[in-house]
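Here is the structure we will look at.
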Amino acid sequence: MIDMIEKEDPVISEEEAAQYDRQIRLWGLEAQKRLRGSRVLLVGLGGLGAEVAKNLILAGVKGLTLLDHEQVTEDSCRAQFLVPVTAQGQNRAQASLERAQYLNPMVEVRAHPDRAEDKPDDFFLQFDAVCLTGCSRDMMVRVDQLCSQRNIKVFCGDIYGYYGYMFSNLGQEYNYVEEKPKLVKPSGNDGPEAKKAKIDPNETTMVKKTAHFCSLKEALEVDWTNEKAKAGLKRTPVDYFLLHVLLKFRTDKGRDPNPQSFAEDSQLLRQIRDDVLESMGVSSDLLTEEFVSYCFSEMAPVCAVVGGVLGQEVVKALSQRDVPHRNFFFFDGRKGNGVVDYFGPQ
């Protein structure tokens, strides 16, 4: 028996069954019921946050809480489709509420105009999953450590120009089921081919599996000086090191790189690259000089791709269906490809 989220078994009404008919056919009634009984907190209503909100609302979670203290600006309207262009100067979470709710009236959507850092610990513990975007490294580590103690699933993600990432921590032992083609027993005929099990393309079976995740702190504190890590350095996505640089920039400046101060921020990014990679024990040559040209602002197409993947991972985790990404997904919009890789204790 798979460990289910501790809550009352939700009942799918006829109206909901009609609304979610395609999804029920795709991943089953039980998975939809688990999804329908889940409450999610989404921090940050930038371009990425809007994509994640849309995907979770359409998937049919029970409730989605939007938390953001930032105001709507002209820049945020370019990648954020939930806020009207007339809402400049208003709180982003509150300005996103009407359009978000319109996507699916069956989902309870709420908005909080507060800073995530000002929320007490108990606030984060009332959800089944927490998704953090636009947060500082310290804030993400704090929430991840807090929620992992209560078996609350944690996701993080951000967009930096052409680059985007997501991280997930589903707990030390995350149980799920995977649908696989059914093997047909061999016939009684003689011969080596007859003794081999064959795949029946018309039938599938559900296989129970377990995946193990680590904390965000562990994932970001890999020791690159040991021989095993050094041996795998050539196979490591450079996006992982770029993430460290951009998180350090956000910590130091309290914001992300801004196109309006491109020259100043580019110089600072190069300096942070040198300092961060040196402290990690790797060469600064891993990130070439040109990286600074591609990590400014939120680009809508990149938000759509990473938001689709991040929303999908939240849905998979809450419904406990299909293989989860473990534990990072990196997307490079210049190349148009993404990669899943694991960082942390083996």
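In the structure tokens, chains take letters A, B, ... by order of appearance, with residues numbered from 1 within each chain and ligands from 1 in the order shown.
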
With the cut-off set at 12 Å and counting only C-alpha atoms, tabulate each residue of stretch 237-341 of chain A with an atom at most that distance from an atom of stretch 35-55 of chain A, showing the nearest atom pair and its distance in Å to one decimal, ordered by chain and increasing number, as a tab-separated table.
```
residue	atom	partner	partner_atom	distance
A:Ser297	CA	A:Gly47	CA	9.9
A:Glu298	CA	A:Gly47	CA	6.5
A:Met299	CA	A:Gly47	CA	7.8
A:Ala300	CA	A:Gly47	CA	6.6
A:Pro301	CA	A:Gly47	CA	9.6
A:Val302	CA	A:Leu48	CA	8.4
A:Cys303	CA	A:Leu48	CA	4.8
A:Ala304	CA	A:Glu51	CA	6.1
A:Val305	CA	A:Glu51	CA	8.9
A:Val306	CA	A:Leu48	CA	7.3
A:Gly307	CA	A:Glu51	CA	5.0
A:Gly308	CA	A:Val52	CA	6.8
A:Val309	CA	A:Val52	CA	8.8
A:Leu310	CA	A:Val52	CA	6.7
A:Gly311	CA	A:Val52	CA	5.0
A:Gln312	CA	A:Asn55	CA	7.6
A:Glu313	CA	A:Val52	CA	10.2
A:Val314	CA	A:Val40	CA	9.0
A:Val315	CA	A:Leu35	CA	7.0
A:Lys316	CA	A:Leu35	CA	8.8
A:Ala317	CA	A:Leu35	CA	9.0
A:Leu318	CA	A:Leu35	CA	5.6
A:Ser319	CA	A:Leu35	CA	5.1
A:Gln320	CA	A:Leu35	CA	8.8
A:Arg321	CA	A:Leu35	CA	10.4
```

Could those selected residues go to a file with N, CA and C atoms, as a tab-separated table (two decimals), in the first residue's frame?
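The result, stored in part-v7.tsv:
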```tsv
chain	number	residue	atom	x	y	z
A	297	SER	N	16.53	39.18	-17.02
A	297	SER	CA	15.07	39.22	-17.19
A	297	SER	C	14.47	37.81	-17.28
A	298	GLU	N	13.13	37.78	-17.22
A	298	GLU	CA	12.38	36.54	-17.41
A	298	GLU	C	11.87	36.51	-18.85
A	299	MET	N	12.23	35.48	-19.59
A	299	MET	CA	11.76	35.34	-20.97
A	299	MET	C	10.55	34.42	-20.99
A	300	ALA	N	9.47	34.89	-21.59
A	300	ALA	CA	8.21	34.15	-21.57
A	300	ALA	C	8.32	32.72	-22.08
A	301	PRO	N	9.02	32.46	-23.21
A	301	PRO	CA	9.12	31.08	-23.68
A	301	PRO	C	9.83	30.16	-22.69
A	302	VAL	N	10.86	30.70	-22.03
A	302	VAL	CA	11.58	29.89	-21.03
A	302	VAL	C	10.69	29.64	-19.82
A	303	CYS	N	9.91	30.65	-19.44
A	303	CYS	CA	8.95	30.48	-18.34
A	303	CYS	C	7.96	29.36	-18.67
A	304	ALA	N	7.51	29.32	-19.92
A	304	ALA	CA	6.52	28.32	-20.33
A	304	ALA	C	7.08	26.91	-20.22
A	305	VAL	N	8.33	26.73	-20.67
A	305	VAL	CA	8.94	25.40	-20.65
A	305	VAL	C	9.19	24.95	-19.21
A	306	VAL	N	9.89	25.77	-18.43
A	306	VAL	CA	10.23	25.38	-17.06
A	306	VAL	C	8.97	25.31	-16.20
A	307	GLY	N	8.02	26.25	-16.42
A	307	GLY	CA	6.77	26.20	-15.68
A	307	GLY	C	5.97	24.96	-15.99
A	308	GLY	N	6.04	24.48	-17.23
A	308	GLY	CA	5.36	23.24	-17.58
A	308	GLY	C	5.97	22.05	-16.88
A	309	VAL	N	7.30	22.00	-16.85
A	309	VAL	CA	7.98	20.89	-16.18
A	309	VAL	C	7.75	20.94	-14.67
A	310	LEU	N	7.88	22.14	-14.09
A	310	LEU	CA	7.70	22.29	-12.65
A	310	LEU	C	6.26	21.96	-12.23
A	311	GLY	N	5.28	22.46	-12.98
A	311	GLY	CA	3.89	22.13	-12.67
A	311	GLY	C	3.63	20.65	-12.79
A	312	GLN	N	4.20	20.02	-13.82
A	312	GLN	CA	4.04	18.59	-14.01
A	312	GLN	C	4.62	17.80	-12.85
A	313	GLU	N	5.79	18.22	-12.34
A	313	GLU	CA	6.41	17.51	-11.23
A	313	GLU	C	5.59	17.63	-9.95
A	314	VAL	N	4.98	18.79	-9.72
A	314	VAL	CA	4.11	18.96	-8.55
A	314	VAL	C	2.90	18.03	-8.67
A	315	VAL	N	2.31	17.98	-9.85
A	315	VAL	CA	1.14	17.11	-10.08
A	315	VAL	C	1.53	15.65	-9.88
A	316	LYS	N	2.67	15.23	-10.43
A	316	LYS	CA	3.12	13.85	-10.27
A	316	LYS	C	3.35	13.51	-8.81
A	317	ALA	N	3.95	14.45	-8.07
A	317	ALA	CA	4.26	14.19	-6.66
A	317	ALA	C	2.99	14.06	-5.81
A	318	LEU	N	2.02	14.93	-6.06
A	318	LEU	CA	0.79	14.91	-5.27
A	318	LEU	C	-0.10	13.73	-5.63
A	319	SER	N	-0.09	13.32	-6.89
A	319	SER	CA	-0.91	12.19	-7.33
A	319	SER	C	-0.20	10.86	-7.14
A	320	GLN	N	1.12	10.93	-6.89
A	320	GLN	CA	1.96	9.75	-6.67
A	320	GLN	C	1.94	8.81	-7.87
A	321	ARG	N	1.97	9.44	-9.04
A	321	ARG	CA	2.00	8.69	-10.30
A	321	ARG	C	3.23	9.09	-11.12
```

Based on the backbone DSSP call, show me all residues of stretch 129-288 of chain A assigned strand (DSSP E), as number ranges by chain. A: 129-133, 153-160, 163-169, 174-184, 198-211

Leaving out A:Gly134 and any residue of its chain fewer than 3 positions from it, which residues lie within 12 Å of it when counting only C-alpha atoms, given as an MDAnalysis selection string? chainID A and resid 42:49 67:70 115:117 131 137:140 155:160 164:166 246:247 250:251 254:256 297:298

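Distance check against A:Thr133 using only C-alpha atoms: of A:Phe167, A:Phe262, A:Trp224, A:Tyr294, the minimum falls on A:Phe167.
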